$ cat work16.txt   # compact mmCIF, C-alpha atoms and all ligand atoms
# COMPACT_ATOMS: atom_id res chain seq x y z
CA MET A 12 -76.62 44.85 44.05
CA LYS A 13 -75.27 43.62 47.38
CA ASN A 14 -74.77 40.15 45.92
CA PHE A 15 -73.02 41.60 42.92
CA LEU A 16 -70.62 43.47 45.21
CA ILE A 17 -69.84 40.32 47.17
CA ILE A 18 -69.16 38.39 43.97
CA LEU A 19 -67.02 41.22 42.68
CA THR A 20 -65.06 41.31 45.95
CA ILE A 21 -64.49 37.55 45.79
CA PHE A 22 -63.39 37.87 42.18
CA VAL A 23 -60.95 40.68 43.02
CA ILE A 24 -59.52 38.75 46.01
CA SER A 25 -59.06 35.56 44.00
CA ALA A 26 -57.51 37.44 41.08
CA THR A 27 -54.98 39.04 43.43
CA LYS A 28 -54.30 35.63 44.87
CA ILE A 29 -53.63 34.11 41.46
CA GLU A 30 -51.17 36.86 40.70
CA ALA A 31 -49.29 36.25 43.96
CA GLU A 32 -49.02 32.54 43.35
CA ASP A 33 -45.77 30.95 42.39
CA SER A 34 -45.24 30.09 38.77
CA PHE A 35 -42.65 28.24 36.82
CA SER A 36 -41.63 27.97 33.19
CA GLY A 37 -38.57 27.14 31.19
CA ASN A 38 -37.09 25.43 28.14
CA ILE A 39 -34.62 22.77 27.32
CA GLU A 40 -31.57 24.12 25.50
CA SER A 41 -28.37 22.51 24.36
CA LYS A 42 -25.32 23.88 26.19
CA ARG A 43 -21.67 23.00 26.32
CA PHE A 44 -20.75 21.42 29.60
CA CYS A 45 -17.41 20.25 30.99
CA PRO A 46 -17.91 18.17 34.13
CA PRO A 47 -15.47 19.27 36.87
CA SER A 48 -14.56 15.62 37.47
CA ASN A 49 -13.18 15.28 33.93
CA SER A 50 -12.82 18.47 31.96
CA SER A 51 -11.55 16.60 28.92
CA THR A 52 -15.06 15.27 28.32
CA CYS A 53 -16.77 18.56 27.43
CA GLN A 54 -19.87 18.09 25.32
CA TYR A 55 -23.20 19.67 24.37
CA VAL A 56 -25.88 18.39 26.69
CA PRO A 57 -29.53 19.30 27.37
CA PHE A 58 -29.93 22.03 30.00
CA TYR A 59 -33.20 23.10 31.51
CA VAL A 60 -33.18 26.92 31.52
CA VAL A 61 -35.71 28.46 33.90
CA SER A 62 -37.23 31.59 32.39
CA ASP A 63 -37.17 34.93 34.15
CA SER A 64 -40.95 35.05 34.43
CA THR A 65 -40.66 32.31 37.04
CA LYS A 66 -41.74 33.23 40.52
CA ILE A 67 -40.93 31.11 43.58
CA GLN A 68 -41.66 32.72 46.89
CA SER A 69 -42.65 29.76 48.98
CA ASP A 70 -40.09 27.36 50.42
CA ASN A 71 -42.25 24.36 49.53
CA TYR A 72 -42.68 25.06 45.84
CA GLU A 73 -42.90 21.92 43.76
CA ILE A 74 -42.62 22.05 39.97
CA THR A 75 -45.67 20.71 38.20
CA SER A 76 -45.11 21.81 34.62
CA ALA A 77 -41.94 19.95 33.57
CA LYS A 78 -41.56 16.43 32.21
CA ARG A 79 -39.28 13.84 33.72
CA ASP A 80 -36.14 13.68 31.59
CA GLU A 81 -33.06 11.69 32.47
CA ASN A 82 -31.06 13.26 29.66
CA VAL A 83 -31.16 16.72 31.19
CA LYS A 84 -27.74 17.36 32.70
CA GLY A 85 -27.98 21.00 33.68
CA PHE A 86 -30.51 23.21 35.46
CA LYS A 87 -30.06 26.91 35.31
CA PHE A 88 -31.98 30.04 36.32
CA PHE A 89 -31.97 32.80 33.76
CA TYR A 90 -32.35 36.45 34.80
CA ASP A 91 -31.65 39.43 32.62
CA GLY A 92 -32.59 42.34 34.92
CA ASP A 93 -30.45 44.55 37.14
CA GLY A 94 -29.26 43.32 40.51
CA LEU A 95 -30.85 40.23 41.95
CA ASN A 96 -34.00 38.58 40.69
CA PRO A 97 -36.71 39.66 43.16
CA ASN A 98 -39.06 36.84 42.10
CA VAL A 99 -37.01 33.82 43.03
CA GLU A 100 -36.50 33.55 46.78
CA PHE A 101 -36.40 29.79 47.13
CA LEU A 102 -35.43 26.77 45.07
CA PRO A 103 -38.01 24.22 43.99
CA ILE A 104 -38.26 21.08 46.10
CA LYS A 105 -37.88 17.50 44.84
CA LEU A 106 -36.18 18.50 41.59
CA SER A 107 -34.68 15.02 41.26
CA GLN A 108 -38.13 13.65 40.38
CA PHE A 109 -37.85 15.47 37.06
CA PHE A 110 -34.12 15.55 36.41
CA PRO A 111 -32.52 12.70 38.34
CA LYS A 112 -29.22 12.85 36.39
CA LEU A 113 -28.40 16.54 36.88
CA MET A 114 -24.70 17.26 36.97
CA PHE A 115 -24.83 21.06 36.94
CA TYR A 116 -27.06 23.38 38.96
CA LYS A 117 -26.57 27.10 38.50
CA VAL A 118 -28.50 29.70 40.50
CA ASN A 119 -26.51 32.94 40.38
CA TYR A 120 -27.89 36.46 40.95
CA GLN A 121 -31.24 35.28 42.26
CA GLY A 122 -32.75 36.33 45.57
CA ILE A 123 -32.41 32.90 47.22
CA LYS A 124 -32.81 33.31 50.99
CA SER A 125 -32.35 29.84 52.39
CA ILE A 126 -31.82 26.30 51.17
CA LYS A 127 -32.62 22.93 52.70
CA LYS A 128 -32.26 19.23 52.11
CA VAL A 129 -35.45 18.77 50.07
CA ASN A 130 -34.06 21.16 47.40
CA PHE A 131 -31.22 18.75 46.58
CA GLU A 132 -32.53 15.36 47.67
CA GLY A 133 -31.76 12.60 45.21
CA LEU A 134 -29.38 14.64 43.03
CA THR A 135 -26.74 11.97 43.38
CA SER A 136 -25.00 12.83 40.07
CA LEU A 137 -24.59 16.54 40.77
CA GLU A 138 -20.99 17.69 40.29
CA ASN A 139 -21.20 21.44 40.14
CA LEU A 140 -23.36 23.66 42.35
CA GLU A 141 -23.23 27.42 41.88
CA LEU A 142 -25.18 29.59 44.30
CA LYS A 143 -23.10 32.74 44.15
CA ASP A 144 -24.54 36.25 44.53
CA ASN A 145 -27.72 35.33 46.37
CA GLU A 146 -29.00 36.28 49.80
CA ILE A 147 -28.67 32.96 51.54
CA VAL A 148 -28.70 33.46 55.29
CA GLU A 149 -29.09 29.86 56.24
CA ILE A 150 -28.25 26.39 54.99
CA ALA A 151 -30.07 23.73 57.00
CA PRO A 152 -27.97 20.79 58.30
CA GLY A 153 -28.09 17.85 55.88
CA THR A 154 -28.78 20.04 52.83
CA PHE A 155 -25.95 18.54 50.76
CA ASP A 156 -26.11 14.99 52.16
CA ASP A 157 -27.12 13.36 48.85
CA LEU A 158 -24.51 15.12 46.73
CA TYR A 159 -21.89 12.37 46.78
CA GLN A 160 -20.43 13.37 43.41
CA LEU A 161 -20.10 17.07 44.11
CA ARG A 162 -16.75 18.48 42.85
CA SER A 163 -17.35 22.19 42.99
CA LEU A 164 -19.39 24.26 45.47
CA ASN A 165 -19.72 28.01 45.09
CA LEU A 166 -21.45 30.07 47.78
CA PHE A 167 -19.60 33.31 47.04
CA ASN A 168 -21.29 36.56 48.15
CA ASN A 169 -24.23 35.50 50.26
CA LYS A 170 -25.28 36.40 53.80
CA LEU A 171 -24.21 33.25 55.58
CA LYS A 172 -23.38 33.65 59.25
CA LYS A 173 -22.62 30.04 59.94
CA ILE A 174 -21.69 26.80 58.21
CA ASP A 175 -22.95 23.71 59.98
CA GLU A 176 -19.95 21.65 61.09
CA PHE A 177 -21.26 18.51 59.31
CA LEU A 178 -22.72 20.20 56.23
CA LEU A 179 -20.03 18.77 53.92
CA LYS A 180 -19.61 15.38 55.55
CA ASN A 181 -20.81 13.41 52.48
CA ASN A 182 -19.19 15.59 49.83
CA GLN A 183 -15.89 13.79 49.88
CA LYS A 184 -15.02 14.37 46.23
CA LEU A 185 -15.04 18.15 46.39
CA LEU A 186 -12.17 19.75 44.47
CA SER A 187 -13.10 23.37 44.98
CA ILE A 188 -15.01 25.32 47.65
CA ASP A 189 -15.70 29.05 47.62
CA ILE A 190 -17.45 30.60 50.63
CA SER A 191 -15.87 34.04 50.27
CA MET A 192 -17.82 37.27 50.89
CA ASN A 193 -20.07 35.99 53.65
CA GLN A 194 -20.20 36.93 57.32
CA ILE A 195 -18.90 33.77 58.95
CA SER A 196 -16.72 34.88 61.82
CA GLU A 197 -15.93 31.36 62.94
CA LEU A 198 -15.57 27.95 61.29
CA ALA A 199 -15.88 24.81 63.41
CA PRO A 200 -12.73 22.59 63.46
CA LYS A 201 -14.34 19.71 61.52
CA THR A 202 -15.97 21.78 58.76
CA PHE A 203 -13.56 20.42 56.08
CA GLU A 204 -12.72 17.13 57.77
CA ASN A 205 -13.83 14.95 54.82
CA GLN A 206 -12.48 17.08 51.97
CA GLN A 207 -9.34 15.08 51.37
CA GLU A 208 -9.45 15.65 47.61
CA LEU A 209 -9.84 19.42 47.87
CA LYS A 210 -7.51 21.53 45.69
CA GLU A 211 -8.84 25.08 46.12
CA LEU A 212 -10.34 26.74 49.16
CA SER A 213 -11.45 30.38 49.16
CA ILE A 214 -12.55 31.95 52.41
CA TRP A 215 -11.74 35.59 51.71
CA SER A 216 -13.67 38.44 53.24
CA CYS A 217 -15.64 36.33 55.71
CA GLY A 218 -14.88 38.28 58.87
CA LEU A 219 -12.96 35.31 60.33
CA LEU A 220 -11.71 36.33 63.77
CA ALA A 221 -9.61 33.23 64.37
CA ILE A 222 -8.75 29.95 62.70
CA ASP A 223 -8.85 26.67 64.57
CA GLU A 224 -5.57 24.73 64.42
CA ASN A 225 -7.40 21.65 63.05
CA LEU A 226 -9.47 23.36 60.37
CA PHE A 227 -7.12 22.45 57.48
CA LYS A 228 -5.70 19.28 59.05
CA ASN A 229 -6.95 16.80 56.42
CA LEU A 230 -6.49 18.94 53.33
CA ASN A 231 -3.31 17.31 52.17
CA LYS A 232 -4.08 17.77 48.46
CA LEU A 233 -4.94 21.44 48.77
CA GLU A 234 -2.97 23.65 46.35
CA GLU A 235 -4.48 27.10 46.88
CA LEU A 236 -5.68 28.68 50.09
CA ASP A 237 -7.18 32.16 50.01
CA LEU A 238 -7.69 33.82 53.39
CA ARG A 239 -7.47 37.48 52.33
CA TYR A 240 -9.47 40.28 53.94
CA ASN A 241 -10.33 38.61 57.24
CA GLU A 242 -9.92 39.83 60.79
CA PHE A 243 -7.59 37.37 62.51
CA TRP A 244 -4.49 38.66 64.27
CA GLN A 245 -2.73 35.42 65.06
CA LEU A 246 -2.49 31.89 63.70
CA PRO A 247 -1.92 28.67 65.68
CA VAL A 248 1.59 27.26 65.03
CA GLU A 249 0.22 24.00 63.58
CA VAL A 250 -2.58 25.45 61.49
CA PHE A 251 -0.93 24.74 58.09
CA ASN A 252 0.75 21.43 59.05
CA GLY A 253 -1.63 19.24 57.03
CA LEU A 254 -1.13 21.22 53.83
CA LYS A 255 1.61 19.06 52.32
CA ASN A 256 0.85 20.15 48.75
CA VAL A 257 -0.10 23.76 49.13
CA LYS A 258 1.47 26.10 46.53
CA PHE A 259 -0.17 29.46 47.26
CA ILE A 260 -1.30 30.87 50.56
CA ASN A 261 -2.67 34.38 50.54
CA LEU A 262 -3.02 35.95 53.99
CA SER A 263 -2.97 39.54 52.87
CA LYS A 264 -5.15 42.21 54.50
CA ASN A 265 -5.59 40.58 57.88
CA LYS A 266 -4.36 41.84 61.25
CA ILE A 267 -1.54 39.40 61.87
CA THR A 268 0.98 40.79 64.33
CA TYR A 269 3.27 37.81 64.83
CA LEU A 270 4.07 34.57 63.04
CA ASP A 271 5.72 31.63 64.75
CA GLU A 272 8.89 30.67 62.86
CA ARG A 273 7.63 27.06 62.51
CA ILE A 274 4.34 27.99 60.88
CA PHE A 275 5.28 26.93 57.31
CA ASN A 276 7.56 24.01 58.36
CA GLU A 277 5.43 21.33 56.69
CA ASN A 278 4.56 23.28 53.52
CA LYS A 279 7.47 22.06 51.42
CA ASN A 280 5.63 22.75 48.16
CA LEU A 281 4.91 26.36 48.93
CA GLU A 282 5.67 28.63 45.95
CA LYS A 283 4.00 31.92 46.83
CA ILE A 284 3.10 33.44 50.15
CA SER A 285 1.49 36.80 50.67
CA LEU A 286 1.38 38.55 54.03
CA TYR A 287 0.81 41.92 52.42
CA GLN A 288 -0.87 44.56 54.59
CA ASN A 289 -0.82 42.95 58.01
CA ARG A 290 0.67 44.26 61.23
CA ILE A 291 3.69 42.04 61.54
CA HIS A 292 6.35 43.42 63.82
CA ALA A 293 8.39 40.30 64.40
CA LEU A 294 9.69 37.75 61.95
CA SER A 295 12.48 35.29 62.32
CA SER A 296 14.72 34.61 59.30
CA LYS A 297 14.06 30.93 59.93
CA THR A 298 10.38 31.35 59.02
CA PHE A 299 11.03 30.29 55.40
CA ASP A 300 13.83 27.78 56.04
CA GLY A 301 13.74 24.64 53.94
CA LEU A 302 11.05 25.92 51.57
CA LYS A 303 12.97 25.09 48.40
CA LYS A 304 10.15 25.88 45.98
CA LEU A 305 9.33 29.29 47.38
CA ILE A 306 9.71 31.99 44.73
CA ILE A 307 7.53 34.87 45.93
CA ILE A 308 7.19 36.35 49.42
CA ASP A 309 5.10 39.46 49.82
CA LEU A 310 5.62 41.19 53.16
CA GLY A 311 4.75 44.65 51.91
CA TRP A 312 2.88 47.16 54.06
CA ASN A 313 3.58 45.75 57.50
CA LYS A 314 5.13 47.30 60.58
CA CYS A 315 8.72 47.83 61.47
CA ILE A 316 10.62 44.89 62.90
CA ASP A 317 11.02 44.58 66.61
CA LYS A 318 14.24 42.59 66.98
CA ARG A 319 13.27 41.42 70.45
CA TYR A 320 11.13 38.78 68.73
CA GLY A 321 13.74 37.37 66.39
CA SER A 322 16.24 38.62 63.92
CA TRP A 323 15.34 39.37 60.36
CA ASP A 324 17.85 39.53 57.60
CA LYS A 325 16.34 39.95 54.18
CA ASP A 326 19.63 39.74 52.29
CA GLU A 327 20.63 36.55 54.04
CA LEU A 328 17.29 34.97 53.16
CA LEU A 329 17.58 36.04 49.52
CA SER A 330 21.13 34.74 49.18
CA GLN A 331 20.20 31.33 50.59
CA SER A 332 17.10 30.67 48.58
CA LYS A 333 15.50 30.68 45.15
CA ILE A 334 13.23 33.53 46.04
CA ASN A 335 13.01 35.79 43.01
CA GLU A 336 10.57 38.31 44.29
CA MET A 337 10.28 39.77 47.72
CA LYS A 338 8.44 42.89 48.63
CA THR A 339 8.92 44.10 52.15
CA ASP A 340 9.17 47.13 54.31
CA LEU A 341 10.26 44.99 57.22
CA ASP A 342 13.82 46.22 56.89
CA ARG A 343 13.11 49.13 59.18
CA ASP A 344 13.96 48.60 62.83
CA CYS A 345 11.43 49.84 65.33
CA LYS A 346 12.70 52.88 67.16
C1 LIG B 1 -11.87 11.50 31.20
O1 LIG B 1 -12.59 11.03 30.08
C2 LIG B 1 -11.81 10.48 29.06
C3 LIG B 1 -12.69 10.20 27.84
O2 LIG B 1 -13.88 9.55 28.22
C4 LIG B 1 -11.14 9.21 29.61
O3 LIG B 1 -10.31 8.63 28.62
C5 LIG B 1 -10.28 9.60 30.82
O4 LIG B 1 -9.73 8.46 31.43
C6 LIG B 1 -11.14 10.33 31.87
N1 LIG B 1 -10.29 10.85 32.91
C7 LIG B 1 -10.61 10.72 34.20
C8 LIG B 1 -9.66 11.37 35.16
O5 LIG B 1 -11.60 10.14 34.58
C1 LIG B 2 -2.68 38.19 47.52
O1 LIG B 2 -3.79 39.06 47.63
C2 LIG B 2 -3.48 40.41 47.33
C3 LIG B 2 -4.72 41.26 47.65
O2 LIG B 2 -5.84 40.84 46.93
C4 LIG B 2 -3.08 40.50 45.85
O3 LIG B 2 -2.79 41.83 45.50
C5 LIG B 2 -1.85 39.61 45.65
O4 LIG B 2 -1.50 39.58 44.29
C6 LIG B 2 -2.08 38.19 46.14
N1 LIG B 2 -0.79 37.51 46.17
C7 LIG B 2 -0.57 36.32 45.65
C8 LIG B 2 0.83 35.79 45.80
O5 LIG B 2 -1.43 35.68 45.08
$ encode --input "work16.txt" --output "structure tokens" --more "lines below"
Ligand SMILES: *[C@@H]1O[C@H](CO)[C@@H](O)[C@H](O)[C@H]1NC(C)=O
Ligand SMILES: *[C@@H]1O[C@H](CO)[C@@H](O)[C@H](O)[C@H]1NC(C)=O
Amino acid sequence: MKNFLIILTIFVISATKIEAEDSFSGNIESKRFCPPSNSSTCQYVPFYVVSDSTKIQSDNYEITSAKRDENVKGFKFFYDGDGLNPNVEFLPIKLSQFFPKLMFYKVNYQGIKSIKKVNFEGLTSLENLELKDNEIVEIAPGTFDDLYQLRSLNLFNNKLKKIDEFLLKNNQKLLSIDISMNQISELAPKTFENQQELKELSIWSCGLLAIDENLFKNLNKLEELDLRYNEFWQLPVEVFNGLKNVKFINLSKNKITYLDERIFNENKNLEKISLYQNRIHALSSKTFDGLKKLIIIDLGWNKCIDKRYGSWDKDELLSQSKINEMKTDLDRDCK
């Protein structure tokens, strides 16, 4: 009887263990894919779709049940439940041993907590990486080092507190970066140093308290910059100087009190600027001088103008320029 109980206990323990173990399954499906590097070459390609019975709760999980297939171009986690998938907390390691030619890696609405280099090692063809709506707190330095072809990186809505200054050093072909909805209060000056091809940068709702004057220095192809819903109250005079091609800058819902009149001097291609809902109380009419392409300025919901810091004449600005839409309540003088 005693022996039977021991055997039963062992059986129960090992059965529980089996249930807690990680597991992986999925299928190859044909899906339409347009590589970000050339969207005119859309085609149906084999995607590996990970099923929602998959469970990965160890950060060293290695797939054992897939076959090596160089034709597979996409890898995607599927989850049909509400909220985030509670079963997938980490990505598999050494994926490139199975799918060395992956171009597209999509892991949205999972419960991913952290990522590291061994998750992406060898994925030298990867162009599009989507990790939005996860719970990533940490990205280890070097994680993206092998992703030389990466064009689009989406880390929207995670729990990042920090981006390593050299995280993107090898991703020199990036066209689009989205790190919005994280809790990064500070970005090191060289974070985007090698992103000279970048066209779109979204850093909204990140709790940014300040922006280093060199952060955007090399982004001379950037067209759209989204800095909405942050916490900064001033901007260095030279912060936008490198943005020779920028068309839209959205600075709405920050705490900006004052803008130097030279701040947009180098942004000759600027078409739309939003400073909606800040705390501006001083603006010189010269702030938008020479911006011949500017058509929309949104200065709505700011403070009254304190003329001690420069004169502001809305009608003069409108009569001199091509601006066809200007919202402002800066025509009130401070009492
Ligand atoms: C995109 O692909 C098409 C068809 O293969 C090719 O003709 C074109 O030159 C490519 N464009 C770029 C920017 O690589
Ligand atoms: C800037 O952001 C605000 C708030 O999200 C939005 O309402 C506005 O349309 C944006 N402005 C431009 C010019 O994109």
$ axis_aligned_box --input "work16.txt" --around "ligand LIG 1 (chain B)" --padding-each-side "3 Å" --output "JSON"
{"center_x": -11.8, "center_y": 10.0, "center_z": 31.5, "size_x": 10.2, "size_y": 9.0, "size_z": 13.3}
$ residues_near_ligand --input "work16.txt" --ligand "ligand LIG 2 (chain B)" --cutoff "8 Å" --atoms "all atoms listed in the file" --output "PyMOL selection string"
chain A and resi 237+239-240+259-264+283-287+307-309
$ closest_residue --input "work16.txt" --among "A:Asn96, A:Ser50, A:Thr135, A:Asn256" --to "ligand LIG 1 (chain B)" --atoms "only C-alpha atoms and all ligand atoms"
A:Ser50
$ atom_distance --input "work16.txt" --atom1 "atom CA of A:Pro111" --atom2 "atom CA of A:Asp80"
7.7 Å
$ residues_near_ligand --input "work16.txt" --ligand "ligand LIG 1 (chain B)" --cutoff "12 Å" --atoms "all atoms listed in the file" --output "number ranges by chain"
A: 45-54
$ residues_around --input "work16.txt" --residues "A:Asn169" --least-positions-apart "2" --cutoff "10 Å" --atoms "only C-alpha atoms" --output "mmCIF file with C-alpha atoms, keeping the file's coordinate frame"
data_model
loop_
_atom_site.group_PDB
_atom_site.id
_atom_site.type_symbol
_atom_site.label_atom_id
_atom_site.label_comp_id
_atom_site.auth_asym_id
_atom_site.auth_seq_id
_atom_site.Cartn_x
_atom_site.Cartn_y
_atom_site.Cartn_z
ATOM 1 C CA GLY A 122 -32.750 36.330 45.570
ATOM 2 C CA ILE A 123 -32.410 32.900 47.220
ATOM 3 C CA LYS A 124 -32.810 33.310 50.990
ATOM 4 C CA LEU A 142 -25.180 29.590 44.300
ATOM 5 C CA LYS A 143 -23.100 32.740 44.150
ATOM 6 C CA ASP A 144 -24.540 36.250 44.530
ATOM 7 C CA ASN A 145 -27.720 35.330 46.370
ATOM 8 C CA GLU A 146 -29.000 36.280 49.800
ATOM 9 C CA ILE A 147 -28.670 32.960 51.540
ATOM 10 C CA VAL A 148 -28.700 33.460 55.290
ATOM 11 C CA GLU A 149 -29.090 29.860 56.240
ATOM 12 C CA LEU A 166 -21.450 30.070 47.780
ATOM 13 C CA PHE A 167 -19.600 33.310 47.040
ATOM 14 C CA LEU A 171 -24.210 33.250 55.580
ATOM 15 C CA LYS A 172 -23.380 33.650 59.250
ATOM 16 C CA ILE A 190 -17.450 30.600 50.630
ATOM 17 C CA SER A 191 -15.870 34.040 50.270
ATOM 18 C CA MET A 192 -17.820 37.270 50.890
ATOM 19 C CA ASN A 193 -20.070 35.990 53.650
ATOM 20 C CA GLN A 194 -20.200 36.930 57.320
#
$ residues_around --input "work16.txt" --residues "A:Leu137" --least-positions-apart "6" --cutoff "8 Å" --atoms "all atoms listed in the file" --output "PyMOL selection string"
chain A and resi 112-116+158-161
$ atom_distance --input "work16.txt" --atom1 "atom CA of A:Leu106" --atom2 "atom CA of A:Asp93"
27.0 Å
$ residues_near_point --input "work16.txt" --point "(-28.1, 22.3, 57.7)" --cutoff "7 Å" --atoms "all atoms listed in the file" --output "list of chain:residue names"
A:Lys127, A:Ile150, A:Ala151, A:Pro152, A:Gly153, A:Thr154, A:Asp175, A:Leu178
$ residues_around --input "work16.txt" --residues "A:Leu226" --least-positions-apart "4" --cutoff "9 Å" --atoms "all atoms listed in the file" --output "PyMOL selection string"
chain A and resi 198-204+222+230+250-251
$ closest_residue --input "work16.txt" --among "A:Leu270, A:Leu164, A:Leu95, A:Ala77" --to "A:Thr298" --atoms "all atoms listed in the file"
A:Leu270
